[in-house]
Amino acid sequence: METIYILNIPNFYTSYYLFGLNQSYKLKFKMDNRFIRYNNKPVLIFEIQNKIVIIDNDDPINVRQELYDICTTYFVTNKLFDNKSFGQDKVKPLFPHYPINIVKLYLGLYNFKLLKYIGFKPTLKQLYTLIRRPNYKNYSYQKHVSNFVFFSSNIWKKESEANFIRAQFIRFCKADSRIVFEGGFVPRSDGNNQGFDNELNARKYNPKTFSKLSANSKIVLNNSAVCGAVSWRLAEYLNQGLFVLSFPFKIDLPIKLENNQNLCFVNNTDEFPDVFDRVFNDSKYHADISEGGKRYFSEYCTPKAQINYIIKNI
């Protein structure tokens with residue numbers, strides 16, 4: 001089995017790719033002093049056949065130019081269409097993915113080097129975060145016949161458009177008598193709920209409960225996250241074979257998700273009623289899109305499929 005050298009200690013956001021690499025390669029940790037500053041960051045750096053590869057899972061701000069200059073290929077989760085930094089030749093988009101529980105792999109790969117390179121408290125935080133995430137599972141597709149809809153989200157301080165879209169979704173679900181709704185906004189710790197008091201939910205959901213409730217939802221909402229990023233929840237929704245209602249992406253994907261094939265795109269919240277009416281009145285439409293999203297995930301988004309894509313593009 002070929003060996004891949006992991007050159008830094010990334011945080012939990014890169015867990016999906018460490019898991020995928022471990023399925024096909026032998027992993028060895030070799031701390032490269034050039035990359036110490038990227039420890040405990042959402043950046044995975046590895047070497048294969050003397051080629052340095054970057055996987056940048058951060059919010060879409062800019063390419064980390066010093067890494068770009070020394071790498072063979074620079075993969076990004078959120079390759080914004082309108083950002084010149086992401087238009088450079090070596091930058092490649094990634095398929096949707098999400099953080100998973102890899103505590104055993106994480107400890108086996110890094111062991112006591114965690115304390116040396118990121119410290120005691122950051123190590124505990126990473127382990128706590130990882131262990132609360134669900135284990136990776138390739139879900140079997142199942143039809144969703146109930147009228148249950150789950151949606152829970154934070155109120156972001158500087159993302160007013162995203163907040164409005166999500167608030168409208170919550171309001172619509174609460175008002176539609178056909179829907180059995182659970183969720184709402186999580187109250188902000190600073191008390192500034194930005195006028196969304198009627199959309200608040202007193203309950204907080206741990207990641208495993210969140211995933212379980214989402215899996216039972218007839219419709220799930222995907223809208224732009226911080227800085228135009230696509231939420232990692234999209235990948236989990238596709239894996240679970242859910243009907244994804246989405247606003248247009250601001251990022252590139254290696255292969256597009258097609259409207260009315262893999263998900264349902266809308267351009268504004270006024271379209272919510274029409275989509276819900278069609279979903280409730282046309283079970284075939286609901287099943288076709290749900291299954292189409294699951295097929296997309298199975299072909300392109302599993303950990304092994306993503307690693308095959310990455311290696312092929314190095």
# chains A, B, ... in the order shown; residues from 1 in each chain; ligands from 1
call {"tool": "residues_around", "arguments": {"residues": "Pro122 of chain A", "least_positions_apart": "4", "cutoff": "12 Å", "atoms": "only C-alpha atoms", "output": "ChimeraX atom specification"}}
result
/A:9-12,39-41,114-118,126-129
call {"tool": "residues_around", "arguments": {"residues": "Gly87 of chain A", "least_positions_apart": "4", "cutoff": "12 Å", "atoms": "only C-alpha atoms", "output": "number ranges by chain"}}
result
A: 62-63, 68, 74-76, 79-83, 91-93, 251-252
call {"tool": "write_last_selection", "arguments": {"atoms": "N, CA, C and O atoms", "output": "PDB file, in the first residue's frame"}}
result
ATOM      1  N   ASN A  62      -9.652  33.874   0.739  1.00  0.00           N
ATOM      2  CA  ASN A  62      -8.669  33.927  -0.345  1.00  0.00           C
ATOM      3  C   ASN A  62      -7.814  32.676  -0.295  1.00  0.00           C
ATOM      4  O   ASN A  62      -7.751  31.981   0.735  1.00  0.00           O
ATOM      5  N   VAL A  63      -7.155  32.368  -1.390  1.00  0.00           N
ATOM      6  CA  VAL A  63      -6.143  31.326  -1.394  1.00  0.00           C
ATOM      7  C   VAL A  63      -5.008  31.750  -0.467  1.00  0.00           C
ATOM      8  O   VAL A  63      -4.629  32.923  -0.419  1.00  0.00           O
ATOM      9  N   TYR A  68      -0.043  28.004  -1.878  1.00  0.00           N
ATOM     10  CA  TYR A  68      -0.259  27.841  -3.324  1.00  0.00           C
ATOM     11  C   TYR A  68       1.072  27.782  -4.070  1.00  0.00           C
ATOM     12  O   TYR A  68       1.262  26.975  -4.984  1.00  0.00           O
ATOM     13  N   TYR A  74      -3.981  22.809  -5.400  1.00  0.00           N
ATOM     14  CA  TYR A  74      -4.595  23.471  -4.244  1.00  0.00           C
ATOM     15  C   TYR A  74      -6.114  23.264  -4.343  1.00  0.00           C
ATOM     16  O   TYR A  74      -6.791  23.873  -5.157  1.00  0.00           O
ATOM     17  N   PHE A  75      -6.641  22.365  -3.515  1.00  0.00           N
ATOM     18  CA  PHE A  75      -8.068  22.062  -3.529  1.00  0.00           C
ATOM     19  C   PHE A  75      -8.795  22.915  -2.486  1.00  0.00           C
ATOM     20  O   PHE A  75      -8.318  23.054  -1.351  1.00  0.00           O
ATOM     21  N   VAL A  76      -9.939  23.470  -2.875  1.00  0.00           N
ATOM     22  CA  VAL A  76     -10.694  24.314  -1.956  1.00  0.00           C
ATOM     23  C   VAL A  76     -12.151  23.862  -1.883  1.00  0.00           C
ATOM     24  O   VAL A  76     -12.748  23.482  -2.893  1.00  0.00           O
ATOM     25  N   LYS A  79     -14.794  27.485  -3.627  1.00  0.00           N
ATOM     26  CA  LYS A  79     -14.140  28.199  -4.716  1.00  0.00           C
ATOM     27  C   LYS A  79     -15.127  29.215  -5.299  1.00  0.00           C
ATOM     28  O   LYS A  79     -15.880  28.921  -6.230  1.00  0.00           O
ATOM     29  N   LEU A  80     -15.109  30.409  -4.731  1.00  0.00           N
ATOM     30  CA  LEU A  80     -16.056  31.448  -5.144  1.00  0.00           C
ATOM     31  C   LEU A  80     -15.881  31.806  -6.617  1.00  0.00           C
ATOM     32  O   LEU A  80     -14.773  31.953  -7.119  1.00  0.00           O
ATOM     33  N   PHE A  81     -17.012  31.989  -7.302  1.00  0.00           N
ATOM     34  CA  PHE A  81     -16.970  32.355  -8.717  1.00  0.00           C
ATOM     35  C   PHE A  81     -16.289  33.693  -8.951  1.00  0.00           C
ATOM     36  O   PHE A  81     -15.537  33.874  -9.896  1.00  0.00           O
ATOM     37  N   ASP A  82     -16.565  34.664  -8.074  1.00  0.00           N
ATOM     38  CA  ASP A  82     -16.150  36.046  -8.332  1.00  0.00           C
ATOM     39  C   ASP A  82     -14.906  36.463  -7.554  1.00  0.00           C
ATOM     40  O   ASP A  82     -14.675  37.650  -7.343  1.00  0.00           O
ATOM     41  N   ASN A  83     -14.096  35.502  -7.117  1.00  0.00           N
ATOM     42  CA  ASN A  83     -12.882  35.805  -6.373  1.00  0.00           C
ATOM     43  C   ASN A  83     -11.667  35.459  -7.234  1.00  0.00           C
ATOM     44  O   ASN A  83     -11.434  34.299  -7.568  1.00  0.00           O
ATOM     45  N   VAL A  91      -5.718  25.925  -8.594  1.00  0.00           N
ATOM     46  CA  VAL A  91      -6.858  25.827  -7.669  1.00  0.00           C
ATOM     47  C   VAL A  91      -7.952  24.960  -8.277  1.00  0.00           C
ATOM     48  O   VAL A  91      -8.404  25.203  -9.395  1.00  0.00           O
ATOM     49  N   LYS A  92      -8.380  23.928  -7.534  1.00  0.00           N
ATOM     50  CA  LYS A  92      -9.433  23.023  -7.968  1.00  0.00           C
ATOM     51  C   LYS A  92     -10.550  22.983  -6.924  1.00  0.00           C
ATOM     52  O   LYS A  92     -10.268  22.983  -5.720  1.00  0.00           O
ATOM     53  N   PRO A  93     -11.801  22.931  -7.361  1.00  0.00           N
ATOM     54  CA  PRO A  93     -12.909  22.834  -6.401  1.00  0.00           C
ATOM     55  C   PRO A  93     -13.055  21.424  -5.863  1.00  0.00           C
ATOM     56  O   PRO A  93     -12.603  20.447  -6.483  1.00  0.00           O
ATOM     57  N   ILE A 251     -20.360  29.235  -5.290  1.00  0.00           N
ATOM     58  CA  ILE A 251     -19.083  28.544  -5.441  1.00  0.00           C
ATOM     59  C   ILE A 251     -19.151  27.552  -6.600  1.00  0.00           C
ATOM     60  O   ILE A 251     -20.233  27.160  -7.049  1.00  0.00           O
ATOM     61  N   ASP A 252     -17.975  27.166  -7.064  1.00  0.00           N
ATOM     62  CA  ASP A 252     -17.852  26.190  -8.142  1.00  0.00           C
ATOM     63  C   ASP A 252     -17.808  24.782  -7.558  1.00  0.00           C
ATOM     64  O   ASP A 252     -17.359  24.571  -6.429  1.00  0.00           O
TER      65      ASP A 252
END
call {"tool": "residues_around", "arguments": {"residues": "segment 26-31 of chain A", "least_positions_apart": "2", "cutoff": "8 Å", "atoms": "only C-alpha atoms", "output": "list of chain:residue names"}}
result
A:Met1, A:Glu2, A:Thr3, A:Ile4, A:Tyr5, A:Ile6, A:Leu7, A:Asn8, A:Leu21, A:Asn22, A:Ser24, A:Asn33, A:Phe35, A:Ile36, A:Leu109, A:Tyr110
call {"tool": "atom_distance", "arguments": {"atom1": "atom CA of Pro303 of chain A", "atom2": "atom CA of Ser140 of chain A"}}
result
15.9 Å
call {"tool": "select_by_dssp", "arguments": {"residues": "segment 38-171 of chain A", "states": "strand (DSSP E)", "output": "ChimeraX atom specification"}}
result
/A:43-48,51-56,73-76,79-80,91-93,148-154
call {"tool": "closest_atom_pairs", "arguments": {"of": "segment 86-188 of chain A", "to": "segment 238-243 of chain A", "cutoff": "7 Å", "atoms": "only C-alpha atoms", "output": "CSV"}}
result
residue,atom,partner,partner_atom,distance
A:Asn138,CA,A:Asn239,CA,6.5
A:Tyr139,CA,A:Gln240,CA,5.6
A:Tyr141,CA,A:Gly241,CA,5.5
call {"tool": "write_last_selection", "arguments": {"atoms": "N, CA, C and O atoms", "output": "PDB file, in the first residue's frame"}}
result
ATOM      1  N   ASN A 138     -22.635   5.484   4.773  1.00  0.00           N
ATOM      2  CA  ASN A 138     -23.236   5.684   3.460  1.00  0.00           C
ATOM      3  C   ASN A 138     -24.684   5.203   3.562  1.00  0.00           C
ATOM      4  O   ASN A 138     -24.957   4.005   3.561  1.00  0.00           O
ATOM      5  N   TYR A 139     -25.611   6.143   3.688  1.00  0.00           N
ATOM      6  CA  TYR A 139     -27.006   5.822   3.955  1.00  0.00           C
ATOM      7  C   TYR A 139     -27.646   5.111   2.755  1.00  0.00           C
ATOM      8  O   TYR A 139     -27.326   5.386   1.603  1.00  0.00           O
ATOM      9  N   TYR A 141     -30.942   4.710   0.511  1.00  0.00           N
ATOM     10  CA  TYR A 141     -32.058   5.610   0.196  1.00  0.00           C
ATOM     11  C   TYR A 141     -33.377   5.037   0.696  1.00  0.00           C
ATOM     12  O   TYR A 141     -33.673   3.857   0.519  1.00  0.00           O
TER      13      TYR A 141
END
call {"tool": "closest_residue", "arguments": {"among": "A:Ser160, A:Ser152, A:Asn222, A:Thr77", "to": "Ile54 of chain A", "atoms": "only C-alpha atoms"}}
result
A:Thr77
call {"tool": "decode", "arguments": {"residues": "segment 126-149 of chain A", "atoms": "N, CA and C atoms", "output": "PDB file, in the first residue's frame"}}
result
ATOM      1  N   GLN A 126     -10.445  19.487  20.099  1.00  0.00           N
ATOM      2  CA  GLN A 126     -10.595  18.757  18.849  1.00  0.00           C
ATOM      3  C   GLN A 126     -11.191  17.374  19.075  1.00  0.00           C
ATOM      4  N   LEU A 127     -10.719  16.684  20.110  1.00  0.00           N
ATOM      5  CA  LEU A 127     -11.240  15.349  20.414  1.00  0.00           C
ATOM      6  C   LEU A 127     -12.715  15.421  20.796  1.00  0.00           C
ATOM      7  N   TYR A 128     -13.070  16.424  21.591  1.00  0.00           N
ATOM      8  CA  TYR A 128     -14.465  16.602  21.998  1.00  0.00           C
ATOM      9  C   TYR A 128     -15.359  16.872  20.788  1.00  0.00           C
ATOM     10  N   THR A 129     -14.877  17.727  19.883  1.00  0.00           N
ATOM     11  CA  THR A 129     -15.648  18.053  18.680  1.00  0.00           C
ATOM     12  C   THR A 129     -15.813  16.832  17.786  1.00  0.00           C
ATOM     13  N   LEU A 130     -14.724  16.091  17.591  1.00  0.00           N
ATOM     14  CA  LEU A 130     -14.771  14.914  16.727  1.00  0.00           C
ATOM     15  C   LEU A 130     -15.695  13.833  17.283  1.00  0.00           C
ATOM     16  N   ILE A 131     -15.610  13.573  18.574  1.00  0.00           N
ATOM     17  CA  ILE A 131     -16.383  12.485  19.148  1.00  0.00           C
ATOM     18  C   ILE A 131     -17.880  12.780  19.141  1.00  0.00           C
ATOM     19  N   ARG A 132     -18.245  14.052  19.074  1.00  0.00           N
ATOM     20  CA  ARG A 132     -19.654  14.426  19.020  1.00  0.00           C
ATOM     21  C   ARG A 132     -20.225  14.337  17.605  1.00  0.00           C
ATOM     22  N   ARG A 133     -19.356  14.289  16.604  1.00  0.00           N
ATOM     23  CA  ARG A 133     -19.823  14.149  15.229  1.00  0.00           C
ATOM     24  C   ARG A 133     -20.247  12.702  14.975  1.00  0.00           C
ATOM     25  N   PRO A 134     -21.220  12.476  14.095  1.00  0.00           N
ATOM     26  CA  PRO A 134     -21.587  11.095  13.764  1.00  0.00           C
ATOM     27  C   PRO A 134     -20.471  10.401  12.995  1.00  0.00           C
ATOM     28  N   ASN A 135     -20.404   9.082  13.136  1.00  0.00           N
ATOM     29  CA  ASN A 135     -19.484   8.298  12.310  1.00  0.00           C
ATOM     30  C   ASN A 135     -19.944   8.364  10.857  1.00  0.00           C
ATOM     31  N   TYR A 136     -19.007   8.189   9.941  1.00  0.00           N
ATOM     32  CA  TYR A 136     -19.403   8.177   8.533  1.00  0.00           C
ATOM     33  C   TYR A 136     -20.246   6.948   8.233  1.00  0.00           C
ATOM     34  N   LYS A 137     -21.312   7.163   7.501  1.00  0.00           N
ATOM     35  CA  LYS A 137     -22.195   6.087   7.069  1.00  0.00           C
ATOM     36  C   LYS A 137     -22.713   6.427   5.687  1.00  0.00           C
ATOM     37  N   ASN A 138     -22.635   5.484   4.773  1.00  0.00           N
ATOM     38  CA  ASN A 138     -23.236   5.684   3.460  1.00  0.00           C
ATOM     39  C   ASN A 138     -24.684   5.203   3.562  1.00  0.00           C
ATOM     40  N   TYR A 139     -25.611   6.143   3.688  1.00  0.00           N
ATOM     41  CA  TYR A 139     -27.006   5.822   3.955  1.00  0.00           C
ATOM     42  C   TYR A 139     -27.646   5.111   2.755  1.00  0.00           C
ATOM     43  N   SER A 140     -28.567   4.213   3.058  1.00  0.00           N
ATOM     44  CA  SER A 140     -29.412   3.616   2.026  1.00  0.00           C
ATOM     45  C   SER A 140     -30.584   4.543   1.774  1.00  0.00           C
ATOM     46  N   TYR A 141     -30.942   4.710   0.511  1.00  0.00           N
ATOM     47  CA  TYR A 141     -32.058   5.610   0.196  1.00  0.00           C
ATOM     48  C   TYR A 141     -33.377   5.037   0.696  1.00  0.00           C
ATOM     49  N   GLN A 142     -34.173   5.911   1.331  1.00  0.00           N
ATOM     50  CA  GLN A 142     -35.510   5.554   1.787  1.00  0.00           C
ATOM     51  C   GLN A 142     -36.469   6.690   1.454  1.00  0.00           C
ATOM     52  N   LYS A 143     -37.666   6.324   1.019  1.00  0.00           N
ATOM     53  CA  LYS A 143     -38.670   7.348   0.733  1.00  0.00           C
ATOM     54  C   LYS A 143     -39.136   8.003   2.034  1.00  0.00           C
ATOM     55  N   HIS A 144     -39.350   9.311   1.971  1.00  0.00           N
ATOM     56  CA  HIS A 144     -39.820  10.059   3.131  1.00  0.00           C
ATOM     57  C   HIS A 144     -41.315  10.330   2.973  1.00  0.00           C
ATOM     58  N   VAL A 145     -42.110   9.598   3.710  1.00  0.00           N
ATOM     59  CA  VAL A 145     -43.562   9.695   3.550  1.00  0.00           C
ATOM     60  C   VAL A 145     -44.210  10.591   4.612  1.00  0.00           C
ATOM     61  N   SER A 146     -43.504  10.877   5.690  1.00  0.00           N
ATOM     62  CA  SER A 146     -44.089  11.729   6.729  1.00  0.00           C
ATOM     63  C   SER A 146     -44.001  13.197   6.325  1.00  0.00           C
ATOM     64  N   ASN A 147     -44.694  14.043   7.052  1.00  0.00           N
ATOM     65  CA  ASN A 147     -44.693  15.486   6.784  1.00  0.00           C
ATOM     66  C   ASN A 147     -43.803  16.245   7.772  1.00  0.00           C
ATOM     67  N   PHE A 148     -42.864  15.536   8.362  1.00  0.00           N
ATOM     68  CA  PHE A 148     -41.961  16.140   9.336  1.00  0.00           C
ATOM     69  C   PHE A 148     -40.889  16.964   8.628  1.00  0.00           C
ATOM     70  N   VAL A 149     -40.643  18.182   9.139  1.00  0.00           N
ATOM     71  CA  VAL A 149     -39.564  19.039   8.630  1.00  0.00           C
ATOM     72  C   VAL A 149     -38.771  19.559   9.820  1.00  0.00           C
TER      73      VAL A 149
END
